[in-house]
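Enquirer: Input structure: upload.cif, which contains mmCIF, C-alpha atoms; chains and numbers go by the auth columns.
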data_run
loop_
_atom_site.group_PDB
_atom_site.id
_atom_site.type_symbol
_atom_site.label_atom_id
_atom_site.label_comp_id
_atom_site.label_asym_id
_atom_site.label_seq_id
_atom_site.Cartn_x
_atom_site.Cartn_y
_atom_site.Cartn_z
_atom_site.B_iso_or_equiv
_atom_site.auth_seq_id
_atom_site.auth_asym_id
ATOM 1 C CA GLY A 1 -12.443 -9.873 -5.126 0.00 1 A
ATOM 2 C CA VAL A 2 -15.706 -11.774 -5.256 0.00 2 A
ATOM 3 C CA GLU A 3 -17.847 -12.582 -2.227 0.00 3 A
ATOM 4 C CA LEU A 4 -21.067 -14.561 -2.581 0.00 4 A
ATOM 5 C CA THR A 5 -23.487 -16.022 -0.072 0.00 5 A
ATOM 6 C CA GLY A 6 -26.045 -18.761 -0.650 0.00 6 A
ATOM 7 C CA ALA A 7 -27.656 -21.855 0.787 0.00 7 A
ATOM 8 C CA ASP A 8 -25.860 -24.452 -1.350 0.00 8 A
ATOM 9 C CA LEU A 9 -22.083 -24.497 -0.935 0.00 9 A
ATOM 10 C CA THR A 10 -21.378 -26.182 -4.266 0.00 10 A
ATOM 11 C CA SER A 11 -23.460 -23.615 -6.144 0.00 11 A
ATOM 12 C CA VAL A 12 -21.982 -20.616 -4.323 0.00 12 A
ATOM 13 C CA GLN A 13 -18.459 -21.934 -4.803 0.00 13 A
ATOM 14 C CA SER A 14 -19.072 -22.537 -8.521 0.00 14 A
ATOM 15 C CA GLN A 15 -20.571 -19.055 -9.058 0.00 15 A
ATOM 16 C CA ASN A 16 -17.696 -17.478 -7.176 0.00 16 A
ATOM 17 C CA ALA A 17 -15.174 -19.385 -9.298 0.00 17 A
ATOM 18 C CA MET A 18 -16.861 -18.247 -12.548 0.00 18 A
ATOM 19 C CA LEU A 19 -16.955 -14.582 -11.490 0.00 19 A
ATOM 20 C CA SER A 20 -13.394 -14.698 -10.149 0.00 20 A
ATOM 21 C CA GLN A 21 -12.183 -16.192 -13.416 0.00 21 A
ATOM 22 C CA ALA A 22 -14.053 -13.483 -15.371 0.00 22 A
ATOM 23 C CA VAL A 23 -12.213 -10.836 -13.314 0.00 23 A
ATOM 24 C CA LEU A 24 -8.867 -12.566 -13.945 0.00 24 A
ATOM 25 C CA ASP A 25 -9.586 -12.817 -17.685 0.00 25 A
ATOM 26 C CA ALA A 26 -10.510 -9.122 -17.897 0.00 26 A
ATOM 27 C CA LEU A 27 -7.333 -8.116 -16.042 0.00 27 A
ATOM 28 C CA ASP A 28 -5.298 -10.339 -18.339 0.00 28 A
ATOM 29 C CA ARG A 29 -6.821 -8.606 -21.382 0.00 29 A
ATOM 30 C CA MET A 30 -5.677 -5.299 -19.858 0.00 30 A
ATOM 31 C CA GLY A 31 -2.126 -6.641 -19.624 0.00 31 A
ATOM 32 C CA ILE A 32 -2.205 -6.929 -15.829 0.00 32 A
ATOM 33 C CA SER A 33 -0.087 -9.985 -15.026 0.00 33 A
ATOM 34 C CA ASP A 34 0.925 -9.435 -11.388 0.00 34 A
ATOM 35 C CA VAL A 35 -2.147 -10.984 -9.743 0.00 35 A
ATOM 36 C CA ARG A 36 -2.288 -13.508 -6.936 0.00 36 A
ATOM 37 C CA THR A 37 -4.869 -14.967 -4.588 0.00 37 A
ATOM 38 C CA PHE A 38 -4.652 -12.971 -1.382 0.00 38 A
ATOM 39 C CA GLN A 39 -7.440 -14.725 0.524 0.00 39 A
ATOM 40 C CA TYR A 40 -9.867 -17.551 -0.118 0.00 40 A
ATOM 41 C CA THR A 41 -12.385 -18.412 2.594 0.00 41 A
ATOM 42 C CA ILE A 42 -15.560 -20.418 3.019 0.00 42 A
ATOM 43 C CA ASP A 43 -17.587 -19.506 6.080 0.00 43 A
ATOM 44 C CA LYS A 44 -20.957 -20.594 7.417 0.00 44 A
ATOM 45 C CA PHE A 45 -23.536 -17.797 7.295 0.00 45 A
ATOM 46 C CA TYR A 46 -26.014 -17.297 10.134 0.00 46 A
ATOM 47 C CA GLU A 47 -28.891 -14.899 10.709 0.00 47 A
ATOM 48 C CA TYR A 48 -30.137 -14.277 14.196 0.00 48 A
ATOM 49 C CA ASN A 49 -33.794 -14.781 15.085 0.00 49 A
ATOM 50 C CA GLY A 50 -34.576 -13.579 18.594 0.00 50 A
ATOM 51 C CA GLY A 51 -30.956 -14.034 19.585 0.00 51 A
ATOM 52 C CA THR A 52 -30.802 -17.566 18.233 0.00 52 A
ATOM 53 C CA PRO A 53 -28.443 -18.244 15.314 0.00 53 A
ATOM 54 C CA VAL A 54 -30.173 -19.786 12.306 0.00 54 A
ATOM 55 C CA PHE A 55 -27.964 -21.368 9.650 0.00 55 A
ATOM 56 C CA ARG A 56 -28.645 -19.793 6.245 0.00 56 A
ATOM 57 C CA GLY A 57 -25.813 -21.065 4.093 0.00 57 A
ATOM 58 C CA TYR A 58 -22.261 -20.254 3.157 0.00 58 A
ATOM 59 C CA THR A 59 -20.176 -17.250 2.217 0.00 59 A
ATOM 60 C CA VAL A 60 -17.376 -17.841 -0.272 0.00 60 A
ATOM 61 C CA ARG A 61 -14.798 -15.056 -0.539 0.00 61 A
ATOM 62 C CA ASN A 62 -11.997 -15.003 -3.150 0.00 62 A
ATOM 63 C CA ILE A 63 -9.809 -11.906 -2.794 0.00 63 A
ATOM 64 C CA LEU A 64 -7.137 -11.090 -5.369 0.00 64 A
ATOM 65 C CA GLU A 65 -4.058 -8.942 -4.921 0.00 65 A
ATOM 66 C CA ILE A 66 -3.244 -6.898 -7.999 0.00 66 A
ATOM 67 C CA ARG A 67 0.036 -5.039 -8.385 0.00 67 A
ATOM 68 C CA THR A 68 0.840 -2.438 -11.000 0.00 68 A
ATOM 69 C CA ASP A 69 3.394 0.289 -11.556 0.00 69 A
ATOM 70 C CA ASP A 70 1.027 2.217 -13.840 0.00 70 A
ATOM 71 C CA MET A 71 -0.651 4.785 -11.596 0.00 71 A
ATOM 72 C CA ASN A 72 -2.713 6.135 -14.497 0.00 72 A
ATOM 73 C CA GLN A 73 -4.450 2.774 -14.830 0.00 73 A
ATOM 74 C CA LEU A 74 -5.604 2.345 -11.221 0.00 74 A
ATOM 75 C CA GLY A 75 -9.171 3.553 -11.648 0.00 75 A
ATOM 76 C CA THR A 76 -9.592 1.583 -14.854 0.00 76 A
ATOM 77 C CA ILE A 77 -8.329 -1.572 -13.121 0.00 77 A
ATOM 78 C CA VAL A 78 -10.924 -1.152 -10.364 0.00 78 A
ATOM 79 C CA ASP A 79 -13.707 -0.400 -12.844 0.00 79 A
ATOM 80 C CA THR A 80 -12.764 -3.348 -15.058 0.00 80 A
ATOM 81 C CA ALA A 81 -12.670 -5.739 -12.101 0.00 81 A
ATOM 82 C CA VAL A 82 -16.046 -4.523 -10.830 0.00 82 A
ATOM 83 C CA SER A 83 -17.696 -4.630 -14.251 0.00 83 A
ATOM 84 C CA SER A 84 -16.375 -8.187 -14.655 0.00 84 A
ATOM 85 C CA GLY A 85 -17.912 -9.428 -11.411 0.00 85 A
ATOM 86 C CA ALA A 86 -15.811 -8.224 -8.486 0.00 86 A
ATOM 87 C CA ASN A 87 -17.935 -6.953 -5.601 0.00 87 A
ATOM 88 C CA VAL A 88 -15.175 -6.386 -3.038 0.00 88 A
ATOM 89 C CA VAL A 89 -12.559 -3.653 -3.407 0.00 89 A
ATOM 90 C CA ASP A 90 -10.434 -3.248 -0.313 0.00 90 A
ATOM 91 C CA LEU A 91 -6.983 -2.347 0.963 0.00 91 A
ATOM 92 C CA ILE A 92 -5.675 -0.224 -1.889 0.00 92 A
ATOM 93 C CA SER A 93 -2.147 0.672 -0.866 0.00 93 A
ATOM 94 C CA PHE A 94 0.895 2.313 -2.384 0.00 94 A
ATOM 95 C CA GLU A 95 4.509 1.320 -1.912 0.00 95 A
ATOM 96 C CA VAL A 96 7.902 2.569 -2.990 0.00 96 A
ATOM 97 C CA THR A 97 9.779 0.055 -5.117 0.00 97 A
ATOM 98 C CA ASP A 98 13.144 0.591 -3.377 0.00 98 A
ATOM 99 C CA PRO A 99 12.564 2.334 -0.017 0.00 99 A
ATOM 100 C CA ASP A 100 16.130 1.688 1.237 0.00 100 A
ATOM 101 C CA SER A 101 17.626 3.646 -1.638 0.00 101 A
ATOM 102 C CA TYR A 102 15.393 6.639 -0.934 0.00 102 A
ATOM 103 C CA TYR A 103 16.031 6.394 2.791 0.00 103 A
ATOM 104 C CA ASN A 104 19.799 6.393 2.212 0.00 104 A
ATOM 105 C CA GLN A 105 19.393 9.507 0.053 0.00 105 A
ATOM 106 C CA ALA A 106 17.449 11.117 2.905 0.00 106 A
ATOM 107 C CA LEU A 107 20.264 10.191 5.339 0.00 107 A
ATOM 108 C CA ASP A 108 22.847 11.745 3.001 0.00 108 A
ATOM 109 C CA LEU A 109 20.802 14.938 2.880 0.00 109 A
ATOM 110 C CA ALA A 110 20.424 14.954 6.674 0.00 110 A
ATOM 111 C CA VAL A 111 24.210 14.672 7.144 0.00 111 A
ATOM 112 C CA SER A 112 24.851 17.424 4.557 0.00 112 A
ATOM 113 C CA ASP A 113 22.306 19.604 6.324 0.00 113 A
ATOM 114 C CA ALA A 114 24.011 19.012 9.695 0.00 114 A
ATOM 115 C CA ILE A 115 27.411 19.925 8.216 0.00 115 A
ATOM 116 C CA GLY A 116 25.949 23.103 6.692 0.00 116 A
ATOM 117 C CA LYS A 117 24.359 24.116 9.988 0.00 117 A
ATOM 118 C CA ALA A 118 27.592 23.485 11.927 0.00 118 A
ATOM 119 C CA LYS A 119 29.444 25.635 9.399 0.00 119 A
ATOM 120 C CA SER A 120 26.861 28.423 9.728 0.00 120 A
ATOM 121 C CA ILE A 121 27.042 28.337 13.529 0.00 121 A
ATOM 122 C CA SER A 122 30.853 28.408 13.514 0.00 122 A
ATOM 123 C CA GLU A 123 30.835 31.398 11.146 0.00 123 A
ATOM 124 C CA SER A 124 28.388 33.236 13.416 0.00 124 A
ATOM 125 C CA LEU A 125 30.643 32.557 16.387 0.00 125 A
ATOM 126 C CA GLY A 126 33.781 33.412 14.440 0.00 126 A
ATOM 127 C CA ILE A 127 35.424 30.075 15.142 0.00 127 A
ATOM 128 C CA ARG A 128 36.663 27.243 12.988 0.00 128 A
ATOM 129 C CA VAL A 129 34.789 23.931 12.877 0.00 129 A
ATOM 130 C CA GLU A 130 36.050 20.578 11.690 0.00 130 A
ATOM 131 C CA SER A 131 34.131 19.765 8.514 0.00 131 A
ATOM 132 C CA ILE A 132 33.789 16.080 9.385 0.00 132 A
ATOM 133 C CA PRO A 133 31.628 15.215 12.402 0.00 133 A
ATOM 134 C CA VAL A 134 33.282 13.189 15.151 0.00 134 A
ATOM 135 C CA ASN A 135 30.050 11.312 15.783 0.00 135 A
ATOM 136 C CA ILE A 136 26.824 10.837 13.818 0.00 136 A
ATOM 137 C CA THR A 137 23.774 9.147 15.288 0.00 137 A
ATOM 138 C CA GLU A 138 20.659 8.298 13.344 0.00 138 A
ATOM 139 C CA THR A 139 17.909 9.746 15.511 0.00 139 A
ATOM 140 C CA SER A 140 14.735 8.858 13.658 0.00 140 A
ATOM 141 C CA SER A 141 13.420 7.500 10.459 0.00 141 A
ATOM 142 C CA GLN A 142 10.008 7.087 9.005 0.00 142 A
ATOM 143 C CA ILE A 143 8.124 6.515 5.852 0.00 143 A
ATOM 144 C CA ARG A 144 4.885 8.421 5.942 0.00 144 A
ATOM 145 C CA PRO A 145 1.928 7.080 3.999 0.00 145 A
ATOM 146 C CA PRO A 146 0.901 8.753 0.783 0.00 146 A
ATOM 147 C CA GLN A 147 -0.941 12.050 1.053 0.00 147 A
ATOM 148 C CA PRO A 148 -3.702 12.427 -1.542 0.00 148 A
ATOM 149 C CA PHE A 149 -3.318 14.880 -4.366 0.00 149 A
ATOM 150 C CA GLN A 150 -5.874 15.951 -6.948 0.00 150 A
ATOM 151 C CA ARG A 151 -5.862 14.152 -10.254 0.00 151 A
ATOM 152 C CA GLU A 152 -8.542 13.912 -12.892 0.00 152 A
ATOM 153 C CA LEU A 153 -9.178 10.432 -14.218 0.00 153 A
ATOM 154 C CA ALA A 154 -12.009 9.286 -16.458 0.00 154 A
ATOM 155 C CA ALA A 155 -12.287 6.127 -14.374 0.00 155 A
ATOM 156 C CA THR A 156 -12.829 5.720 -10.650 0.00 156 A
ATOM 157 C CA PRO A 157 -10.427 8.179 -9.044 0.00 157 A
ATOM 158 C CA ILE A 158 -7.673 6.393 -7.139 0.00 158 A
ATOM 159 C CA VAL A 159 -5.126 8.919 -5.915 0.00 159 A
ATOM 160 C CA PRO A 160 -1.735 7.655 -4.809 0.00 160 A
ATOM 161 C CA GLY A 161 -0.574 10.973 -3.366 0.00 161 A
ATOM 162 C CA SER A 162 3.065 11.334 -2.471 0.00 162 A
ATOM 163 C CA LEU A 163 5.201 9.292 -0.146 0.00 163 A
ATOM 164 C CA THR A 164 7.565 11.056 2.220 0.00 164 A
ATOM 165 C CA ILE A 165 10.709 9.331 3.412 0.00 165 A
ATOM 166 C CA GLU A 166 12.489 11.165 6.206 0.00 166 A
ATOM 167 C CA ALA A 167 15.770 10.657 7.994 0.00 167 A
ATOM 168 C CA SER A 168 17.217 12.574 10.908 0.00 168 A
ATOM 169 C CA VAL A 169 20.678 12.564 12.435 0.00 169 A
ATOM 170 C CA THR A 170 22.470 14.082 15.373 0.00 170 A
ATOM 171 C CA ALA A 171 25.995 15.116 14.450 0.00 171 A
ATOM 172 C CA GLU A 172 28.763 16.194 16.823 0.00 172 A
ATOM 173 C CA PHE A 173 31.508 18.496 15.612 0.00 173 A
ATOM 174 C CA LEU A 174 34.763 19.717 17.171 0.00 174 A
ATOM 175 C CA TYR A 175 35.189 23.509 17.334 0.00 175 A
#
For the structure just supplied, provide its representation as structure tokens.
Expert:
Amino acid sequence: GVELTGADLTSVQSQNAMLSQAVLDALDRMGISDVRTFQYTIDKFYEYNGGTPVFRGYTVRNILEIRTDDMNQLGTIVDTAVSSGANVVDLISFEVTDPDSYYNQALDLAVSDAIGKAKSISESLGIRVESIPVNITETSSQIRPPQPFQRELAATPIVPGSLTIEASVTAEFLY
């Protein structure tokens, strides 16, 4: 995004608009189309002189949200935005496109794991176990944030890491 401070609101707002548009144009030339205004604020700016606030002007902040599926382009996107006038880069985050699908896969694996463990225990005890649990309870679920991994990029390094989706169940079996 672009954040500027100055005495004259009209001037600061106009400069911010020009720089913000330059960033948008540069992103458009890169083929980045999923951009939206995330935040636009105008605030009074004060400096303190001996504990007394003295009005100095205005701060205009125009923050854009950019979304992309191309992880290899992240650093270049940041560099292009900055070289085009952006002076705020904040809140880079990574999301899974379809977390429910991955979570359901994790649940399936948790149930299969429980069935395998029940089978192993029954074999150790020399008894027969029903292969279908009589009760299954989802005990926990979580999506852990990405953990960084090393990657070499020519641009500013932005590392998405890996996202872990976990599921846990408690399964009851009849022996």
Enquirer: Around (-11.1, -20.1, 0.3), as given in the file, which residues come within 7 Å? Count all atoms listed in the file and list them as a PyMOL selection string.
Expert: chain A and resi 39-42+60-62
Enquirer: So the first atom is CA of Gly75 in chain A and the second is CA of Leu91 in chain A; what is the distance between them in Å, to one decimal place?
Expert: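 Straight-line distance from CA of Gly75 in chain A to CA of Leu91 in chain A works out to 14.1 Å.
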Enquirer: Report the distance between CA of Gly57 in chain A and CA of Val82 in chain A in Å, rounded to one decimal place.
Expert: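 A separation of 24.3 Å between them.
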Enquirer: Identify, on the basis of only C-alpha atoms, every residue whose closest approach to Ile132 in chain A does not exceed 9 Å; exclude the query and any residue fewer than 3 positions from it along the same chain; express the result as a PyMOL selection string.
Expert: chain A and resi 115+129+135+172-174
Enquirer: Do you have the CA of Asn72 in chain A-CA of Ser33 in chain A distance handy?
Expert: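 Between CA of Asn72 in chain A and CA of Ser33 in chain A the gap is 16.3 Å.
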Enquirer: When you count all atoms listed in the file, which of these residues is closest to Ala118 in chain A: A:Gln73, A:Glu130, A:Leu163, A:Ile32?
Expert: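 Nearest to Ala118 in chain A: A:Glu130.
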Enquirer: Looking at all atoms listed in the file, which of A:Ala171, A:Ile92, A:Val111, A:Val2 is the one that sits closest to Leu74 in chain A?
Expert: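 The answer is A:Ile92, which sits nearest to Leu74 in chain A.
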Enquirer: Out of A:Phe94, A:Tyr48, A:Tyr175, A:Phe55, which residue has the shortest atom-to-atom distance to Arg128 in chain A when counting all atoms listed in the file?
Expert: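 Checking each of A:Phe94, A:Tyr48, A:Tyr175, A:Phe55 against Arg128 in chain A, counting all atoms listed in the file, the winner is A:Tyr175.
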Enquirer: Hey, what's within 12 Å of Tyr46 in chain A if we count only C-alpha atoms and toss same-chain stuff fewer than 6 positions away? As a ChimeraX atom specification, please?
Expert: /A:5-7,52-59
Enquirer: Would you pick out the contacts of Ser83 in chain A at 10 Å or less, using only C-alpha atoms, so that residues sharing its chain but fewer than 5 positions from it are not included, and give the list as number ranges by chain?
Expert: A: 22-23, 26, 77-78
Enquirer: Between A:Gly85, A:Gly31, A:Gly126, A:Gly51, which one has atoms that come closest to Asp69 in chain A, using all atoms listed in the file?
Expert: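 Of all the options, A:Gly31 lies closest to Asp69 in chain A.
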